[in-house]
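*Asks:* So that you have it, the file is structure-v8.cif, and it contains mmCIF, C-alpha atoms:
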data_target
loop_
_atom_site.label_atom_id
_atom_site.label_comp_id
_atom_site.auth_asym_id
_atom_site.auth_seq_id
_atom_site.Cartn_x
_atom_site.Cartn_y
_atom_site.Cartn_z
CA MET A 28 -26.45 7.72 -12.09
CA THR A 29 -27.36 5.03 -9.60
CA ALA A 30 -25.52 1.75 -9.27
CA HIS A 31 -28.75 0.08 -10.42
CA ASP A 32 -28.62 1.90 -13.78
CA ALA A 33 -24.92 1.13 -14.15
CA ILE A 34 -25.51 -2.57 -13.52
CA ASP A 35 -28.25 -2.56 -16.17
CA GLN A 36 -25.88 -0.93 -18.67
CA VAL A 37 -23.07 -3.37 -17.99
CA LEU A 38 -25.29 -6.42 -18.18
CA ALA A 39 -26.78 -5.16 -21.45
CA ARG A 40 -23.26 -4.88 -22.87
CA VAL A 41 -22.55 -8.53 -22.16
CA ASN A 42 -25.99 -9.69 -23.28
CA ASP A 43 -26.97 -10.84 -19.83
CA ARG A 44 -29.80 -8.46 -18.99
CA GLY A 45 -31.28 -10.89 -16.50
CA GLY A 46 -28.03 -11.27 -14.59
CA ILE A 47 -28.06 -15.03 -15.22
CA ILE A 48 -24.33 -15.40 -15.91
CA HIS A 49 -23.18 -12.45 -13.84
CA ALA A 50 -25.11 -11.93 -10.60
CA ARG A 51 -26.11 -8.35 -9.94
CA ALA A 52 -24.40 -8.46 -6.53
CA LEU A 53 -21.11 -9.38 -8.20
CA VAL A 54 -21.51 -6.62 -10.80
CA LEU A 55 -22.23 -4.13 -7.98
CA LYS A 56 -18.97 -5.13 -6.30
CA LEU A 57 -17.08 -4.77 -9.58
CA ILE A 58 -18.57 -1.34 -10.27
CA SER A 59 -17.58 -0.27 -6.79
CA GLN A 60 -13.99 -1.46 -7.28
CA CYS A 61 -13.66 -0.14 -10.82
CA GLN A 62 -15.00 3.26 -9.76
CA GLN A 63 -12.10 3.46 -7.30
CA SER A 64 -9.64 2.56 -10.06
CA ILE A 65 -11.05 5.07 -12.54
CA ASN A 66 -10.97 7.85 -9.96
CA GLY A 67 -7.44 6.86 -8.99
CA ALA A 68 -6.37 7.62 -12.54
CA SER A 69 -8.65 10.55 -13.38
CA ARG A 70 -8.44 12.26 -9.96
CA ASP A 71 -11.85 13.74 -10.69
CA VAL A 72 -13.26 13.33 -7.20
CA ARG A 73 -11.19 14.72 -4.38
CA GLY A 74 -11.76 14.92 -0.67
CA THR A 75 -10.61 17.11 2.16
CA ALA A 76 -10.34 16.08 5.77
CA THR A 77 -8.57 17.08 8.93
CA PHE A 78 -6.76 15.09 11.57
CA GLN A 79 -5.03 15.85 14.82
CA THR A 80 -1.31 15.33 15.09
CA VAL A 81 0.06 13.36 18.00
CA THR A 82 2.70 15.09 20.11
CA ALA A 83 6.20 14.22 18.88
CA GLN A 84 4.94 11.70 16.31
CA PRO A 85 6.41 11.89 12.78
CA PHE A 86 4.72 8.77 11.32
CA TYR A 87 1.01 8.33 10.54
CA LYS A 88 -0.92 5.55 8.86
CA ILE A 89 -2.95 7.29 6.18
CA SER A 90 -5.67 4.63 6.32
CA GLU A 91 -6.18 5.50 10.00
CA VAL A 92 -6.05 9.32 9.94
CA LEU A 93 -7.53 9.84 6.45
CA PRO A 94 -9.61 6.73 5.74
CA SER A 95 -11.07 8.11 2.49
CA CYS A 96 -7.69 9.04 1.03
CA LEU A 97 -6.37 7.13 -1.96
CA THR A 98 -3.53 9.50 -2.87
CA MET A 99 -2.59 12.49 -0.75
CA GLU A 100 -1.97 15.67 -2.72
CA TYR A 101 -1.79 18.61 -0.33
CA ALA A 102 -1.49 19.39 3.36
CA GLU A 103 -1.68 22.51 5.44
CA ALA A 104 -1.46 23.32 9.13
CA GLU A 105 -2.40 26.52 10.88
CA GLY A 106 -3.11 28.22 7.58
CA GLU A 107 0.26 27.40 6.03
CA GLU A 108 0.80 24.96 3.20
CA LEU A 109 3.24 22.16 3.97
CA ASN A 110 5.81 21.35 1.31
CA GLN A 111 5.73 17.88 -0.13
CA VAL A 112 9.15 16.22 -0.37
CA PRO A 113 10.36 12.71 -1.18
CA TYR A 114 10.97 10.98 2.14
CA GLU A 115 14.57 10.31 1.08
CA SER A 116 15.31 14.04 1.19
CA LEU A 117 14.30 14.48 4.85
CA GLN A 118 17.77 13.34 5.82
CA THR A 119 19.21 16.17 3.74
CA LEU A 120 16.89 18.72 5.29
CA ASP A 121 17.76 17.66 8.81
CA ALA A 122 19.94 14.75 9.89
CA SER A 123 17.83 14.50 13.07
CA TRP A 124 14.46 14.74 11.34
CA ILE A 125 13.09 11.75 13.19
CA ARG A 126 13.19 13.53 16.54
CA ALA A 127 12.71 17.11 15.36
CA ARG A 128 9.79 19.00 16.89
CA ALA A 129 8.20 22.37 16.26
CA ASP A 130 4.89 24.15 16.68
CA ARG A 131 3.82 22.97 13.27
CA PRO A 132 5.24 20.80 10.48
CA ASP A 133 6.85 22.40 7.41
CA TYR A 134 7.02 19.30 5.21
CA TRP A 135 5.16 16.13 4.46
CA ALA A 136 6.23 12.98 2.67
CA SER A 137 4.41 9.81 1.82
CA ILE A 138 5.74 6.31 1.33
CA GLY A 139 3.51 4.16 -0.86
CA LYS A 140 -0.17 4.68 -0.24
CA ASP A 141 -0.36 4.31 3.50
CA LEU A 142 2.53 5.93 5.35
CA LEU A 143 2.69 9.66 5.98
CA ILE A 144 5.59 11.52 7.53
CA LEU A 145 5.22 14.99 9.00
CA TYR A 146 8.44 16.93 9.58
CA PRO A 147 9.00 18.27 12.10
CA ALA A 148 6.67 16.49 14.47
CA THR A 149 4.59 18.83 16.61
CA VAL A 150 5.22 19.78 20.22
CA SER A 151 1.50 19.52 20.90
CA PRO A 152 -1.50 18.29 18.91
CA ILE A 153 -2.55 20.56 16.07
CA THR A 154 -4.97 20.14 13.18
CA VAL A 155 -3.65 19.20 9.77
CA THR A 156 -5.89 19.60 6.76
CA ALA A 157 -5.27 17.26 3.84
CA ARG A 158 -6.61 17.21 0.30
CA TYR A 159 -6.49 13.95 -1.59
CA VAL A 160 -7.82 11.85 -4.40
CA LEU A 161 -10.89 10.28 -2.88
CA LEU A 162 -11.11 6.59 -2.31
CA THR A 163 -14.64 6.48 -3.64
CA PRO A 164 -17.03 4.90 -1.14
CA GLU A 165 -17.94 1.25 -1.57
CA LEU A 166 -21.36 0.81 -3.10
CA GLY A 167 -23.56 -0.90 -0.56
CA SER A 168 -26.73 -1.19 -2.58
CA GLU A 169 -28.08 -0.62 -6.06
CA ASP A 170 -29.72 2.59 -4.83
CA ASP A 171 -26.36 4.21 -4.17
CA ASP A 172 -25.25 6.91 -6.58
CA LEU A 173 -22.00 6.69 -8.48
CA VAL A 174 -19.68 9.53 -7.56
CA LEU A 175 -17.74 9.76 -10.82
CA PRO A 176 -18.73 12.66 -13.08
CA PRO A 177 -20.95 11.77 -16.07
CA GLU A 178 -18.08 11.98 -18.56
CA ARG A 179 -16.29 9.11 -16.81
CA ILE A 180 -19.21 6.70 -16.79
CA ASP A 181 -18.41 5.21 -20.20
CA GLN A 182 -14.89 4.47 -19.04
CA LEU A 183 -16.25 2.87 -15.88
CA ILE A 184 -18.68 0.72 -17.83
CA ASP A 185 -15.83 -0.30 -20.17
CA LEU A 186 -13.69 -1.36 -17.24
CA VAL A 187 -16.42 -3.44 -15.59
CA ASP A 188 -17.26 -4.87 -19.01
CA SER A 189 -13.65 -5.98 -19.44
CA VAL A 190 -13.75 -7.84 -16.11
CA LEU A 191 -16.94 -9.63 -17.13
CA LEU A 192 -15.41 -10.47 -20.52
CA PHE A 193 -12.48 -11.95 -18.64
CA ARG A 194 -14.93 -13.97 -16.58
CA GLU A 195 -16.51 -15.27 -19.79
CA ARG A 196 -13.01 -16.00 -21.19
CA LYS A 197 -13.64 -13.67 -24.13
CA PHE A 198 -10.09 -12.45 -24.11
CA ASP A 199 -9.93 -10.81 -27.54
CA GLU A 200 -12.91 -8.61 -26.71
CA MET A 201 -11.45 -7.92 -23.28
CA GLU A 202 -8.16 -6.85 -24.83
CA SER A 203 -9.76 -4.36 -27.18
CA THR A 204 -11.82 -2.87 -24.34
CA LEU A 205 -8.71 -2.58 -22.19
CA THR A 206 -6.85 -0.85 -25.01
CA ARG A 207 -9.61 1.74 -25.13
CA ILE A 208 -9.44 2.26 -21.34
CA VAL A 209 -5.68 2.62 -21.26
CA GLY A 210 -5.81 5.04 -24.20
CA ALA A 211 -8.42 7.18 -22.45
CA SER A 212 -6.41 7.10 -19.24
CA GLU A 213 -3.22 8.21 -21.02
CA ARG A 214 -5.04 11.14 -22.62
CA GLN A 215 -6.10 12.47 -19.19
CA MET B 2 -10.35 -8.56 3.80
CA ARG B 3 -8.67 -11.77 2.73
CA SER B 4 -11.97 -13.64 2.70
CA ASP B 5 -13.49 -11.05 0.32
CA VAL B 6 -10.57 -11.36 -2.09
CA LEU B 7 -10.75 -15.16 -2.08
CA GLN B 8 -14.50 -15.06 -2.69
CA LEU B 9 -14.06 -12.59 -5.53
CA ALA B 10 -11.37 -14.79 -7.10
CA ARG B 11 -13.70 -17.79 -6.93
CA ASP B 12 -16.52 -15.75 -8.49
CA LEU B 13 -14.31 -14.50 -11.31
CA SER B 14 -13.07 -18.01 -12.05
CA LEU B 15 -16.65 -19.33 -12.26
CA ASN B 16 -15.60 -21.57 -9.39
CA GLN B 17 -12.99 -23.33 -11.54
CA ALA B 18 -10.13 -22.28 -9.26
CA ASP B 19 -9.07 -24.57 -6.45
CA ALA B 20 -10.05 -22.94 -3.14
CA GLU B 21 -7.05 -24.30 -1.24
CA GLN B 22 -4.62 -23.23 -3.95
CA LEU B 23 -6.11 -19.75 -3.87
CA VAL B 24 -5.30 -19.49 -0.18
CA LEU B 25 -1.68 -20.44 -0.90
CA ALA B 26 -1.60 -18.04 -3.84
CA TYR B 27 -2.80 -15.24 -1.55
CA SER B 28 0.26 -15.65 0.67
CA ARG B 29 2.59 -15.83 -2.32
CA LEU B 30 1.12 -12.80 -4.02
CA SER B 31 1.09 -10.77 -0.83
CA LEU B 32 4.80 -11.50 -0.38
CA GLN B 33 5.58 -10.74 -4.03
CA ARG B 34 3.71 -7.45 -3.77
CA ALA B 35 5.70 -6.41 -0.71
CA GLN B 36 8.94 -7.08 -2.59
CA ARG B 37 8.07 -4.65 -5.36
CA PRO B 38 9.90 -1.33 -5.43
CA ASP B 39 6.72 0.79 -5.24
CA ARG B 40 6.57 0.14 -1.47
CA LEU B 41 2.80 0.47 -1.75
CA LEU B 42 2.15 -0.65 1.82
CA ALA B 43 4.77 0.31 4.37
CA SER B 44 5.00 0.55 8.15
CA VAL B 45 7.33 1.45 10.97
CA SER B 46 8.43 -1.04 13.62
CA LEU B 47 10.52 -0.62 16.74
CA ILE B 48 13.07 -3.16 17.90
CA SER B 49 14.61 -3.20 21.38
CA VAL B 50 18.40 -3.18 21.51
CA VAL B 51 20.05 -5.82 23.70
CA SER B 52 23.47 -5.08 25.15
CA GLY B 53 26.10 -7.28 23.50
CA THR B 54 23.82 -8.38 20.66
CA ALA B 55 24.50 -7.21 17.10
CA THR B 56 21.98 -9.25 15.14
CA TYR B 57 18.22 -8.68 15.29
CA ALA B 58 15.25 -10.34 13.65
CA LEU B 59 12.90 -8.30 11.52
CA PRO B 60 9.28 -8.12 12.72
CA SER B 61 7.12 -10.85 11.25
CA GLU B 62 5.07 -8.43 9.14
CA ALA B 63 8.17 -6.82 7.61
CA VAL B 64 9.26 -7.92 4.15
CA VAL B 65 11.78 -5.43 2.77
CA PRO B 66 13.41 -3.00 5.23
CA PHE B 67 14.44 0.24 3.55
CA LEU B 68 15.29 2.69 6.32
CA TYR B 69 16.71 2.17 9.80
CA PHE B 70 17.13 4.70 12.56
CA TYR B 71 18.44 4.85 16.08
CA GLY B 72 17.99 7.79 18.40
CA ALA B 73 17.40 10.79 16.19
CA ARG B 74 19.39 9.57 13.22
CA GLU B 75 19.00 7.39 10.19
CA LEU B 76 21.51 4.56 10.14
CA PRO B 77 23.39 4.17 6.85
CA ALA B 78 23.26 0.69 5.35
CA ILE B 79 26.79 -0.48 4.57
CA PRO B 80 27.44 -3.59 2.45
CA ALA B 81 29.38 -6.16 4.46
CA SER B 82 32.15 -6.05 1.83
CA LEU B 83 32.80 -2.39 2.74
CA ALA B 84 32.57 -2.75 6.52
CA ALA B 85 36.31 -3.25 6.96
CA THR B 86 37.07 -0.27 4.71
CA CYS B 87 34.69 1.96 6.66
CA TYR B 88 35.32 0.77 10.20
CA GLY B 89 38.61 -1.16 10.15
CA ALA B 90 39.41 -4.84 9.88
CA ASP B 91 38.26 -5.54 13.43
CA TRP B 92 34.89 -3.81 12.96
CA ALA B 93 33.00 -6.95 13.99
CA VAL B 94 34.23 -6.66 17.59
CA HIS B 95 33.71 -2.92 18.03
CA HIS B 96 31.31 -1.84 20.73
CA GLY B 97 29.21 1.29 21.18
CA ASP B 98 25.88 2.79 20.20
CA PRO B 99 24.51 1.70 16.79
CA GLU B 100 25.90 3.80 13.92
CA ALA B 101 25.16 1.70 10.86
CA ILE B 102 23.48 -1.39 9.49
CA ILE B 103 25.79 -3.98 7.94
CA GLU B 104 23.97 -5.57 5.03
CA GLY B 105 24.41 -9.00 3.57
CA ARG B 106 25.89 -10.89 6.50
CA GLU B 107 22.71 -12.14 8.02
CA SER B 108 19.67 -13.95 6.72
CA LEU B 109 16.87 -12.17 4.88
CA ARG B 110 14.87 -12.06 8.09
CA SER B 111 17.53 -10.38 10.23
CA PHE B 112 20.00 -7.52 10.19
CA ARG B 113 23.23 -6.61 11.96
CA VAL B 114 24.04 -3.31 13.59
CA TYR B 115 27.50 -1.76 13.87
CA PRO B 116 29.03 -1.59 16.42
CA ILE B 117 27.82 -4.17 18.92
CA PRO B 118 25.52 -2.23 21.27
CA THR B 119 26.73 -1.67 24.80
CA ARG B 120 23.43 -0.29 26.11
CA ALA B 121 20.10 -2.01 26.20
CA SER B 122 16.99 -0.08 25.24
CA ALA B 123 14.97 1.25 28.12
CA ALA B 124 11.79 -0.67 28.85
CA PHE B 125 9.00 0.39 26.53
CA ILE B 126 6.33 1.88 28.78
CA PRO B 127 3.21 3.08 26.98
CA ASN B 128 2.40 5.96 29.33
CA TYR B 129 0.42 7.86 26.69
CA GLY B 130 -0.58 5.11 24.29
CA GLU B 131 1.52 6.88 21.64
CA PRO B 132 4.26 4.44 20.61
CA TYR B 133 5.59 6.78 17.90
CA GLY B 134 4.78 9.94 19.83
CA ARG B 135 5.53 10.72 23.45
CA ASP B 136 6.19 7.05 24.26
CA PHE B 137 8.61 6.73 21.31
CA PRO B 138 11.80 5.52 23.05
CA ALA B 139 15.03 7.17 21.97
CA ASP B 140 17.19 4.11 22.21
CA MET B 141 15.31 1.57 20.14
CA ILE B 142 16.02 0.77 16.52
CA GLY B 143 13.29 1.87 14.17
CA VAL B 144 12.76 0.12 10.85
CA LEU B 145 10.70 1.32 7.94
CA HIS B 146 9.69 -1.67 5.86
CA THR B 147 7.22 -2.91 3.34
CA ASP B 148 4.33 -4.89 4.76
CA ASN B 149 2.81 -8.25 4.12
CA PRO B 150 -0.55 -7.73 5.80
CA VAL B 151 -3.05 -10.53 6.30
CA ASP B 152 -5.80 -8.28 4.97
CA ILE B 153 -4.92 -6.05 2.04
CA PRO B 154 -6.76 -2.71 1.70
CA SER B 155 -10.17 -3.20 0.08
CA TRP B 156 -9.29 -1.01 -2.91
CA LEU B 157 -6.82 -3.70 -3.98
CA ASP B 158 -9.40 -6.51 -3.83
CA LEU B 159 -10.06 -6.75 -7.57
CA PRO B 160 -6.50 -6.56 -8.92
CA PHE B 161 -5.42 -8.88 -6.12
CA ALA B 162 -8.16 -11.43 -6.92
CA LEU B 163 -7.06 -11.40 -10.57
CA GLY B 164 -3.46 -11.82 -9.46
CA LEU B 165 -4.48 -14.92 -7.50
CA LEU B 166 -6.15 -16.34 -10.60
CA ALA B 167 -3.00 -15.69 -12.62
CA LEU B 168 -0.99 -17.75 -10.12
CA GLU B 169 -3.65 -20.43 -9.80
CA PHE B 170 -4.11 -20.98 -13.54
CA GLU B 171 -0.34 -21.09 -14.08
CA ASN B 172 -0.02 -23.96 -11.61
CA GLU B 173 0.29 -27.54 -12.77
CA SER B 174 -3.21 -28.90 -12.26
CA ALA B 175 -6.13 -30.44 -14.12
CA HIS B 176 -7.46 -26.94 -14.78
CA ARG B 177 -4.14 -25.32 -15.77
CA ASP B 178 -4.88 -22.55 -18.24
CA PRO B 179 -1.95 -20.32 -19.24
CA LEU B 180 -4.11 -18.11 -21.47
CA THR B 181 -6.49 -17.28 -18.62
CA ALA B 182 -3.50 -16.71 -16.36
CA LYS B 183 -1.94 -14.30 -18.86
CA ASN B 184 -5.15 -12.33 -19.27
CA ALA B 185 -5.79 -12.23 -15.53
CA ARG B 186 -2.34 -10.75 -15.09
CA SER B 187 -2.78 -8.13 -17.78
CA LEU B 188 -6.19 -7.07 -16.43
CA ALA B 189 -4.77 -6.86 -12.90
CA ALA B 190 -1.92 -4.70 -14.21
CA VAL B 191 -4.32 -2.28 -15.87
CA LEU B 192 -6.39 -1.97 -12.68
CA GLU B 193 -3.34 -1.41 -10.53
CA GLY B 194 -1.91 1.05 -13.03
CA LEU B 195 -5.07 3.13 -12.75
CA LEU B 196 -4.92 3.10 -8.95
CA SER B 197 -1.31 4.16 -8.75
#
Could you spell out this file's structure in structure tokens?
*Replies:*
Amino acid sequence: MTAHDAIDQVLARVNDRGGIIHARALVLKLISQCQQSINGASRDVRGTATFQTVTAQPFYKISEVLPSCLTMEYAEAEGEELNQVPYESLQTLDASWIRARADRPDYWASIGKDLLILYPATVSPITVTARYVLLTPELGSEDDDLVLPPERIDQLIDLVDSVLLFRERKFDEMESTLTRIVGASERQ
Amino acid sequence: MRSDVLQLARDLSLNQADAEQLVLAYSRLSLQRAQRPDRLLASVSLISVVSGTATYALPSEAVVPFLYFYGARELPAIPASLAATCYGADWAVHHGDPEAIIEGRESLRSFRVYPIPTRASAAFIPNYGEPYGRDFPADMIGVLHTDNPVDIPSWLDLPFALGLLALEFENESAHRDPLTAKNARSLAAVLEGLLS
């Protein structure tokens, strides 16, 4: 489905087919944002990318090395899977983890959405491959295709609808739409 | 981008929100977000040690520090009330390389190391342009902390814009609207819940 079709559907839901109350450009932005939220929960669309480690560096900004990553799920280096651990347990694994170095990392940990730790750091640059929940690309025009699978489109339309209902101060309708979205999300 | 979030908030409010108040709300919300335990946005900062100085300011972008290290080791955070038990009654005049962080004695924007350092950090020389790699100095204090960035990541734009409206419509003003504020907050929570 294109963003154009999605905008038409959303505007029809709120009885504003002409985009008089809700400009199409605003609805496009909302669809773009809501698509990211829906994929964050459903994890339907994943991405894979590689990045080069920096010699001796344990810390990486995910937004810099994996700009399309919303939530990292898996990492491997030189054909070996790295174990994911909570960052708090690195101290237990190795009291000197911050300065540890090896040919390749054995573990990875993330803090929040944007900080990645590789342990041990590498003695020279190597390639790490990461798999992650995709931060779906921002929709730049109505010709762009949505990336969510067809079975998620209703949920997406519901979510955008709820934002427009908020904008119209139709809070009871918004609440019932949100209840439906949360229910669908919890069933995933 | 901050400007995108502010514009989105104005659009969602049908231009009923006060533009100047939204700017203030942005700063407040950004700070509140960084104080939440999810540590959604975190960074590492390095702080040079000064010989004879025990107290250091946190970097301006840091909000909540949650891990300190010096050399190759994490520094345990010790409550000030336990410092004497751990290090003796005269702990505050001990000297040496940093071994711990003493919490609760300084302001929110600073921290104290134990013992008082006797060696200054070497000059930070970016030979490789890799501050956390080959240029990563061994004798600086590293701090992992939550961030209060000027520009939040774009995927947070919508929940953040709604969060601004919640703050704005809670404020005492001619357009105060607690019901809109409540619903903005609940919609923002759903959106953030999906993302996390």
*Asks:* List as a tab-separated table every residue of chain A that is in contact with chain B, defined as an atom at most 9 Å from one of its atoms (using all atoms listed in the file), together with the nearest atom pair and the distance in Å rounded to one decimal, sorted by chain and then rising number.
*Replies:*
residue	atom	partner	partner_atom	distance
A:Leu53	CA	B:Asp12	CA	7.9
A:Lys56	CA	B:Leu9	CA	9.0
A:Leu57	CA	B:Leu159	CA	7.6
A:Gln60	CA	B:Trp156	CA	6.4
A:Cys61	CA	B:Leu192	CA	7.7
A:Gln63	CA	B:Trp156	CA	6.9
A:Ser64	CA	B:Leu196	CA	4.9
A:Ile65	CA	B:Leu195	CA	6.3
A:Asn66	CA	B:Leu196	CA	7.8
A:Gly67	CA	B:Leu196	CA	4.5
A:Ala68	CA	B:Leu195	CA	4.7
A:Ser69	CA	B:Leu195	CA	8.3
A:Val81	CA	B:Gly134	CA	6.1
A:Thr82	CA	B:Gly134	CA	5.6
A:Ala83	CA	B:Gly134	CA	4.6
A:Gln84	CA	B:Gly134	CA	3.9
A:Pro85	CA	B:Tyr133	CA	7.3
A:Phe86	CA	B:Tyr133	CA	6.9
A:Tyr87	CA	B:Tyr133	CA	8.8
A:Lys88	CA	B:Ser44	CA	7.8
A:Ser90	CA	B:Pro154	CA	8.7
A:Leu97	CA	B:Leu196	CA	8.2
A:Thr98	CA	B:Ser197	CA	8.2
A:Gln118	CA	B:Glu75	CA	7.5
A:Ala122	CA	B:Arg74	CA	6.2
A:Ser123	CA	B:Ala73	CA	4.9
A:Trp124	CA	B:Ala73	CA	6.9
A:Ile125	CA	B:Ala73	CA	5.3
A:Arg126	CA	B:Ala73	CA	5.0
A:Ala127	CA	B:Ala73	CA	7.9
A:Ile138	CA	B:Ala43	CA	6.8
A:Gly139	CA	B:Leu41	CA	3.9
A:Lys140	CA	B:Leu41	CA	5.4
A:Asp141	CA	B:Leu42	CA	5.8
A:Leu142	CA	B:Ala43	CA	6.1
A:Ala148	CA	B:Gly134	CA	8.7
A:Leu162	CA	B:Trp156	CA	7.8
A:Leu186	CA	B:Leu192	CA	8.6
A:Ser189	CA	B:Leu188	CA	8.1
A:Val190	CA	B:Leu188	CA	7.6
A:Leu191	CA	B:Leu13	CA	8.0
A:Phe193	CA	B:Asn184	CA	7.4
A:Arg194	CA	B:Leu13	CA	5.3
A:Glu195	CA	B:Leu15	CA	8.6
A:Arg196	CA	B:Thr181	CA	7.1
A:Phe198	CA	B:Asn184	CA	6.9
A:Met201	CA	B:Asn184	CA	8.7
A:Glu202	CA	B:Asn184	CA	8.4
A:Leu205	CA	B:Val191	CA	7.7
A:Ile208	CA	B:Val191	CA	8.8
A:Val209	CA	B:Val191	CA	7.4
A:Ser212	CA	B:Leu195	CA	7.7
*Asks:* Please produce a file of the residues just selected, as a CSV table (one decimal), in the frame of the given file, where the atoms kept are C-alpha atoms.
*Replies:*
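Done, and the output landed in selection-v4.csv:
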chain,number,residue,atom,x,y,z
A,53,LEU,CA,-21.1,-9.4,-8.2
A,56,LYS,CA,-19.0,-5.1,-6.3
A,57,LEU,CA,-17.1,-4.8,-9.6
A,60,GLN,CA,-14.0,-1.5,-7.3
A,61,CYS,CA,-13.7,-0.1,-10.8
A,63,GLN,CA,-12.1,3.5,-7.3
A,64,SER,CA,-9.6,2.6,-10.1
A,65,ILE,CA,-11.0,5.1,-12.5
A,66,ASN,CA,-11.0,7.8,-10.0
A,67,GLY,CA,-7.4,6.9,-9.0
A,68,ALA,CA,-6.4,7.6,-12.5
A,69,SER,CA,-8.6,10.6,-13.4
A,81,VAL,CA,0.1,13.4,18.0
A,82,THR,CA,2.7,15.1,20.1
A,83,ALA,CA,6.2,14.2,18.9
A,84,GLN,CA,4.9,11.7,16.3
A,85,PRO,CA,6.4,11.9,12.8
A,86,PHE,CA,4.7,8.8,11.3
A,87,TYR,CA,1.0,8.3,10.5
A,88,LYS,CA,-0.9,5.6,8.9
A,90,SER,CA,-5.7,4.6,6.3
A,97,LEU,CA,-6.4,7.1,-2.0
A,98,THR,CA,-3.5,9.5,-2.9
A,118,GLN,CA,17.8,13.3,5.8
A,122,ALA,CA,19.9,14.8,9.9
A,123,SER,CA,17.8,14.5,13.1
A,124,TRP,CA,14.5,14.7,11.3
A,125,ILE,CA,13.1,11.8,13.2
A,126,ARG,CA,13.2,13.5,16.5
A,127,ALA,CA,12.7,17.1,15.4
A,138,ILE,CA,5.7,6.3,1.3
A,139,GLY,CA,3.5,4.2,-0.9
A,140,LYS,CA,-0.2,4.7,-0.2
A,141,ASP,CA,-0.4,4.3,3.5
A,142,LEU,CA,2.5,5.9,5.4
A,148,ALA,CA,6.7,16.5,14.5
A,162,LEU,CA,-11.1,6.6,-2.3
A,186,LEU,CA,-13.7,-1.4,-17.2
A,189,SER,CA,-13.6,-6.0,-19.4
A,190,VAL,CA,-13.8,-7.8,-16.1
A,191,LEU,CA,-16.9,-9.6,-17.1
A,193,PHE,CA,-12.5,-12.0,-18.6
A,194,ARG,CA,-14.9,-14.0,-16.6
A,195,GLU,CA,-16.5,-15.3,-19.8
A,196,ARG,CA,-13.0,-16.0,-21.2
A,198,PHE,CA,-10.1,-12.4,-24.1
A,201,MET,CA,-11.4,-7.9,-23.3
A,202,GLU,CA,-8.2,-6.8,-24.8
A,205,LEU,CA,-8.7,-2.6,-22.2
A,208,ILE,CA,-9.4,2.3,-21.3
A,209,VAL,CA,-5.7,2.6,-21.3
A,212,SER,CA,-6.4,7.1,-19.2
*Asks:* Can you spell out as a ChimeraX atom specification the set of residues that the PyMOL selection byres ((chain B and resi 47-54) around 10) selects in the structure I just provided?
*Replies:* /B:45-46,55-60,69-71,96-99,113-114,116-125,132-133,137-138,140-145
*Asks:* Can you list what the PyMOL selection byres ((chain B and resi 173-176) around 9) grabs from this structure, as a PDB file with C-alpha atoms, in the frame of the given file?
*Replies:*
ATOM      1  CA  GLN B  17     -12.990 -23.330 -11.540  1.00  0.00           C
ATOM      2  CA  ALA B  18     -10.130 -22.280  -9.260  1.00  0.00           C
ATOM      3  CA  ASP B  19      -9.070 -24.570  -6.450  1.00  0.00           C
ATOM      4  CA  GLU B 169      -3.650 -20.430  -9.800  1.00  0.00           C
ATOM      5  CA  PHE B 170      -4.110 -20.980 -13.540  1.00  0.00           C
ATOM      6  CA  GLU B 171      -0.340 -21.090 -14.080  1.00  0.00           C
ATOM      7  CA  ASN B 172      -0.020 -23.960 -11.610  1.00  0.00           C
ATOM      8  CA  ARG B 177      -4.140 -25.320 -15.770  1.00  0.00           C
ATOM      9  CA  ASP B 178      -4.880 -22.550 -18.240  1.00  0.00           C
TER      10      ASP B 178
END
*Asks:* Residues near Val155 in chain A, anyone? I mean within 12 Å using only C-alpha atoms, not counting same-chain ones fewer than 3 positions away, as an NGL selection string.
*Replies:* :A and (75-81 or 87 or 92-93 or 101-109 or 131-135 or 145 or 148-149 or 152 or 158)
*Asks:* I'd like to know which of B:Leu30, B:Val64, B:Gly105, B:Tyr115 is closest to Tyr88 in chain B, using only C-alpha atoms.
*Replies:*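 Of B:Leu30, B:Val64, B:Gly105, B:Tyr115, the one nearest Tyr88 in chain B, counting only C-alpha atoms, is B:Tyr115.
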*Asks:* Which residues would end up in the selection if the PyMOL selection byres ((chain A and resi 169-182) around 6) were applied here, given that I need the answer as a list in words?
*Replies:*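 For this structure, the PyMOL selection byres ((chain A and resi 169-182) around 6) captures Met28, Thr29, Ala30, His31, Ser168, Leu183, Ile184 and Asp185 of chain A.
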*Asks:* Please produce a file of the residues just selected, as a short mmCIF file (atom, residue, chain, number, x, y, z; two decimals), in the frame of the given file, where the atoms kept are C-alpha atoms.
*Replies:*
data_model
loop_
_atom_site.label_atom_id
_atom_site.label_comp_id
_atom_site.auth_asym_id
_atom_site.auth_seq_id
_atom_site.Cartn_x
_atom_site.Cartn_y
_atom_site.Cartn_z
CA MET A 28 -26.45 7.72 -12.09
CA THR A 29 -27.36 5.03 -9.60
CA ALA A 30 -25.52 1.75 -9.27
CA HIS A 31 -28.75 0.08 -10.42
CA SER A 168 -26.73 -1.19 -2.58
CA LEU A 183 -16.25 2.87 -15.88
CA ILE A 184 -18.68 0.72 -17.83
CA ASP A 185 -15.83 -0.30 -20.17
#
*Asks:* In Å, how far is it from CA of Asp5 in chain B to CA of Ala26 in chain B?
*Replies:* 14.4 Å
*Asks:* Report, in Å with one decimal, the straight-line distance from CA of Val72 in chain A to CA of Pro113 in chain A.
*Replies:*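 If I compute the distance from CA of Val72 in chain A to CA of Pro113 in chain A, I get 24.4 Å.
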